[in-house]
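J.: First the structure, then my questions, so here it is.
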Amino acid sequence: DGITLERVREHVWEIPQEGDMRAPARVLASEALLEEIKEDKSLEQIKNTTHLPGITNYAICMPDAHQGYGFPVGGVGALDAENGCISPGAVGYDINCGVRMMRTNLTYDEVQGQEEELVDSLFANIPSGLGGGGIVEAGVDAIDEILARGVDWALENGHAVEDDLLHCEDEGMREGADPEKVSQKAKDRGKNQIGSLGSGNHFLEVQRVTDVFDSAVGEAYGLEENQIVVLIHCGSRGLGHQTCNDYLRKIEQQHKGLLDQLPDKELAAAPAGSQLAEDYYGAMNAAINFAWVNRQLIMHRTRQVFERVFDRSWGEMEMELLYDVAHNIAKKETHVVNDDGDERELYVHRKGATRAFPAGHPEVPTAYRDVGQPVIIPGSMGAGSYVLRGGENSMNLTFGSTAHGAGRLMSRTQAKNEFWGGDVQQDLEDQQAIYVKAQSGATIAEEAPGVYKDVDEVVRVSDELGIGDKVARTFPVCNIKG
Ligand code: 5GP
Ligand code: MN
Ligand code: MN
């Protein structure tokens, strides 16, 4: 409604700069996906984002974009780290929500017939749901260690092996994490949730690889058809949520001048260089480490579950971390910002967006440097998921980013009116041999395959734009949810 959208070229649309916008906005989508994006407030939100000081080149909607708190889920905003600002709403409440994929050397044939035992055993051993209880409970000292050191803490405490660290962004430890900037309330919420999925959209899914589109990159990632892999999606639980909340309130109060200039209060931002910008960045980095430890503990526990179900050691099953990607973060990164090759330090906000650095980028782990970083894009519990690799055009088009999922088509409330959990579960089993176990039927309804967009279409756009290239596709075998 009233938003001008111009076609730049295939899959690239632009909201031209006008009024108080400080840059244009771009939407990367096919015509079909664009129609879905137009259904909610995503376009208005991405346009609003261009009012933030220091917005560089353009604010960008990924093909999976849908509306979120202030800033769309599936959005990228690069804000100047010297003269711009940082915005908690453009990171998201679930700081470092993300996915990691673990390989195995099991084949689908070896698992068939044991799906139910496997799903029951995973459900019994991996904490999930709204309530408290994680794999470990941390005292005061341990929580600060976790926040400061991330997966390094897990290694020291027997929940990780060295190799896990090498296959995680930042080797599982974000520099600049400042546990003192995380409130006691946030720590209290997180301390008994370490190693827990949480509820709703978070899941652990055993999958089989159905297609390898690029055999050379597939080989570099250790993926082949019929292989069993495990996908884990969760974030920083109550600790991250509380941290986002704490800083939104502080920023709203202390940076009212900036807030008043913005079209939406939910975009509240702290100017670069201000105390609150530094504090939020330190706290957010700490919550990032917390989420990495969370996913690590869940993965390590999954190894133990597989050991019992398949009566083999996890080493024998080669259960190695392929990669872990964050999809709710802001990170200081240096990017080339114009055709003259000028570089600038930016707070790259990726909310429901995945880093997708191409081959040769120094921040891609050594194991994948020659092919580009793995990008993991979940679809739904009844559809495929994808492994991509960072594409050649990502640095130019998206500050090194691509989509993070299929993206929601409808709200949770709508979903509960539309679907009945028990029926969805039964259909998945009868029609697709997918075994789902959840804490509540409502969760299954809210996350039914029909509430998500077409992941194949999202990935097609990413691949055709060259921001994230298709490597492999997977399909669910069994799935546990909160
Ligand atoms: P978000 O982080 O925005 O909640 O979700 C990320 C993406 O995960 C969603 O856009 C959706 O495509 C995908 N997804 C949600 N539930 C499931 C599931 O049970 N299995 C798989 N494979 N993907 C899911
Ligand atoms: Mn999340
Ligand atoms: Mn997520």
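Every chain in the structure tokens has a letter given in the order shown (A, B, ...), and although residue numbers restart at 1 in each chain, ligands are simply numbered from 1 in the order shown.
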Please check which protein, DNA or RNA residues sit within 8 Å of ligand 3, counting only C-alpha atoms and all ligand atoms, and write them as a list in words.

T.: Asp94, Asn96, Cys97, Gly98, Val99, Asn201, His202, His233, Cys234, Gly235, His327, Asn328, Gly352 and His404 of chain A

J.: Could the residues in this selection be written to a file with C-alpha atoms, as a PDB file, in the first residue's frame?

T.:
ATOM      1  CA  ASP A  94      16.546 -14.927  19.907  1.00  0.00           C
ATOM      2  CA  ASN A  96      22.215 -16.311  17.678  1.00  0.00           C
ATOM      3  CA  CYS A  97      19.298 -18.430  16.785  1.00  0.00           C
ATOM      4  CA  GLY A  98      20.909 -20.658  14.219  1.00  0.00           C
ATOM      5  CA  VAL A  99      21.354 -24.105  12.783  1.00  0.00           C
ATOM      6  CA  ASN A 201       9.998 -23.301  15.854  1.00  0.00           C
ATOM      7  CA  HIS A 202      13.080 -24.969  17.346  1.00  0.00           C
ATOM      8  CA  HIS A 233      17.845 -25.400  15.214  1.00  0.00           C
ATOM      9  CA  CYS A 234      17.783 -23.369  18.421  1.00  0.00           C
ATOM     10  CA  GLY A 235      19.180 -20.232  19.984  1.00  0.00           C
ATOM     11  CA  HIS A 327      20.944 -16.430  11.653  1.00  0.00           C
ATOM     12  CA  ASN A 328      20.155 -13.719  14.252  1.00  0.00           C
ATOM     13  CA  GLY A 352      16.724 -14.410   9.805  1.00  0.00           C
ATOM     14  CA  HIS A 404      17.756 -18.554   6.492  1.00  0.00           C
TER      15      HIS A 404
END

J.: When you look at Glu457 of chain A with a cut-off of 8 Å (counting only C-alpha atoms), what residues show up, excluding the ones that are within fewer than 4 positions of it in the same chain? I need them as a VMD selection string.

T.: chain A and resid 30 33 461

J.: Those same residues - N, CA and C atoms - I'd like them written as a PDB file, in the first residue's frame.

T.:
ATOM      1  N   SER A  30      11.749 -13.814  -6.312  1.00  0.00           N
ATOM      2  CA  SER A  30      11.066 -14.094  -7.574  1.00  0.00           C
ATOM      3  C   SER A  30       9.703 -13.402  -7.507  1.00  0.00           C
ATOM      4  N   LEU A  33       7.486 -15.162  -4.895  1.00  0.00           N
ATOM      5  CA  LEU A  33       7.832 -14.871  -3.495  1.00  0.00           C
ATOM      6  C   LEU A  33       7.503 -13.424  -3.145  1.00  0.00           C
ATOM      7  N   VAL A 461      16.127 -18.783  -5.913  1.00  0.00           N
ATOM      8  CA  VAL A 461      16.478 -17.364  -6.044  1.00  0.00           C
ATOM      9  C   VAL A 461      17.903 -17.119  -5.542  1.00  0.00           C
TER      10      VAL A 461
END

J.: One number please: atom CA of Ala269 of chain A to atom CA of Glu333 of chain A, in Å, one decimal.

T.: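 Interatomic distance here is 18.3 Å.
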
J.: Kindly give the distance, in Å, that separates atom CA of Ile444 of chain A and atom CA of Leu34 of chain A, rounded to a single decimal.

T.: 26.9 Å

J.: For the strand (DSSP E) assignment from backbone DSSP, which residues of segment 29-124 of chain A qualify? Please present them as a ChimeraX atom specification.

T.: /A:59-66,73-80,85-86,98-107

J.: Could you dump the residues just selected with N, CA and C atoms as a CSV table (one decimal), in the first residue's frame?

T.:
chain,number,residue,atom,x,y,z
A,59,ALA,N,19.1,-1.3,2.5
A,59,ALA,CA,18.6,-2.4,3.4
A,59,ALA,C,18.0,-3.4,2.5
A,60,ILE,N,18.1,-4.7,2.9
A,60,ILE,CA,17.8,-5.8,2.0
A,60,ILE,C,16.9,-6.8,2.6
A,61,CYS,N,15.8,-7.2,1.9
A,61,CYS,CA,15.0,-8.3,2.2
A,61,CYS,C,15.5,-9.5,1.4
A,62,MET,N,15.7,-10.6,2.1
A,62,MET,CA,16.0,-11.9,1.5
A,62,MET,C,14.7,-12.5,0.9
A,63,PRO,N,14.8,-13.6,0.1
A,63,PRO,CA,13.6,-14.2,-0.5
A,63,PRO,C,12.7,-14.8,0.5
A,64,ASP,N,13.1,-15.1,1.7
A,64,ASP,CA,12.3,-15.7,2.7
A,64,ASP,C,11.7,-14.7,3.6
A,65,ALA,N,11.8,-13.4,3.3
A,65,ALA,CA,11.4,-12.4,4.3
A,65,ALA,C,9.9,-12.4,4.7
A,66,HIS,N,9.7,-12.2,6.0
A,66,HIS,CA,8.3,-11.9,6.5
A,66,HIS,C,8.5,-11.0,7.7
A,73,VAL,N,12.1,-10.5,9.5
A,73,VAL,CA,12.9,-11.7,9.5
A,73,VAL,C,13.2,-12.0,8.1
A,74,GLY,N,14.5,-12.3,7.8
A,74,GLY,CA,14.9,-12.4,6.4
A,74,GLY,C,15.4,-11.0,6.0
A,75,GLY,N,16.0,-10.3,6.9
A,75,GLY,CA,16.5,-8.9,6.5
A,75,GLY,C,18.0,-8.7,6.8
A,76,VAL,N,18.6,-7.9,6.1
A,76,VAL,CA,20.0,-7.6,6.3
A,76,VAL,C,20.1,-6.0,6.3
A,77,GLY,N,20.7,-5.5,7.3
A,77,GLY,CA,21.0,-4.1,7.4
A,77,GLY,C,22.4,-3.8,7.8
A,78,ALA,N,23.2,-3.2,7.0
A,78,ALA,CA,24.6,-2.9,7.3
A,78,ALA,C,24.7,-1.4,7.7
A,79,LEU,N,25.0,-1.2,9.0
A,79,LEU,CA,25.0,0.1,9.6
A,79,LEU,C,26.4,0.5,9.9
A,80,ASP,N,26.9,1.7,9.5
A,80,ASP,CA,28.2,2.1,9.8
A,80,ASP,C,28.6,2.0,11.2
A,85,CYS,N,24.8,3.1,13.8
A,85,CYS,CA,24.2,2.7,15.0
A,85,CYS,C,24.0,1.2,15.0
A,86,ILE,N,23.6,0.7,16.1
A,86,ILE,CA,23.3,-0.8,16.3
A,86,ILE,C,21.9,-0.9,16.9
A,98,GLY,N,20.1,-20.2,15.4
A,98,GLY,CA,20.9,-20.7,14.2
A,98,GLY,C,20.8,-22.2,14.0
A,99,VAL,N,21.4,-22.7,13.0
A,99,VAL,CA,21.4,-24.1,12.8
A,99,VAL,C,22.8,-24.7,12.6
A,100,ARG,N,22.9,-25.9,13.1
A,100,ARG,CA,24.1,-26.7,12.8
A,100,ARG,C,23.7,-28.0,12.2
A,101,MET,N,24.6,-28.5,11.3
A,101,MET,CA,24.4,-29.8,10.7
A,101,MET,C,25.5,-30.7,11.1
A,102,MET,N,25.1,-31.9,11.6
A,102,MET,CA,26.1,-32.9,11.9
A,102,MET,C,26.0,-34.1,10.9
A,103,ARG,N,27.2,-34.5,10.4
A,103,ARG,CA,27.2,-35.6,9.4
A,103,ARG,C,27.2,-37.0,10.2
A,104,THR,N,26.8,-38.0,9.5
A,104,THR,CA,27.1,-39.4,10.0
A,104,THR,C,27.5,-40.2,8.8
A,105,ASN,N,28.0,-41.4,9.1
A,105,ASN,CA,28.2,-42.3,7.9
A,105,ASN,C,27.1,-43.4,7.8
A,106,LEU,N,26.1,-43.2,8.5
A,106,LEU,CA,24.9,-44.1,8.4
A,106,LEU,C,24.2,-43.8,7.1
A,107,THR,N,23.6,-44.8,6.5
A,107,THR,CA,22.7,-44.6,5.4
A,107,THR,C,21.3,-44.7,5.8

J.: At a cut-off of 6 Å around ligand 1, and using only C-alpha atoms and all ligand atoms, what residues come up? Please write them as a VMD selection string.

T.: chain A and resid 201 203 352 378 to 381 385 404 to 408 447 452

J.: With only C-alpha atoms counted and 7 Å as the cut-off, give the residues of segment 131-205 of chain A in contact with segment 298-306 of chain A, each with its shortest interatomic distance in Å and the pair that gives it, as CSV.

T.:
residue,atom,partner,partner_atom,distance
A:His159,CA,A:His300,CA,6.0
A:Ala160,CA,A:His300,CA,6.6
A:Gly195,CA,A:Ile298,CA,5.3
A:Ser196,CA,A:Ile298,CA,6.8

J.: So which residues of segment 116-263 of chain A fall under alpha helix (DSSP H) by DSSP, listed as a PyMOL selection string?

T.: chain A and resi 116-125+140-149+151-156+162-166+184-190+215-221+237-254+256-261

J.: What's around Leu165 of chain A at 8 Å? Count only C-alpha atoms, leave out sequence neighbours fewer than 4 positions away in its own chain, and write the answer as a ChimeraX atom specification.

T.: /A:151-152,160-161,171-172

J.: Might you pull out every residue within 6 Å of Gly198 of chain A, with only C-alpha atoms counted and same-chain residues fewer than 3 positions away left off, and present them as JSON, numbers by chain?

T.: {"A": [128, 129, 130, 482]}

J.: Separation of atom CA of Ala186 of chain A and atom CA of Gln439 of chain A, in Å?

T.: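 Rounded to one decimal, the two atoms are 24.3 Å apart.
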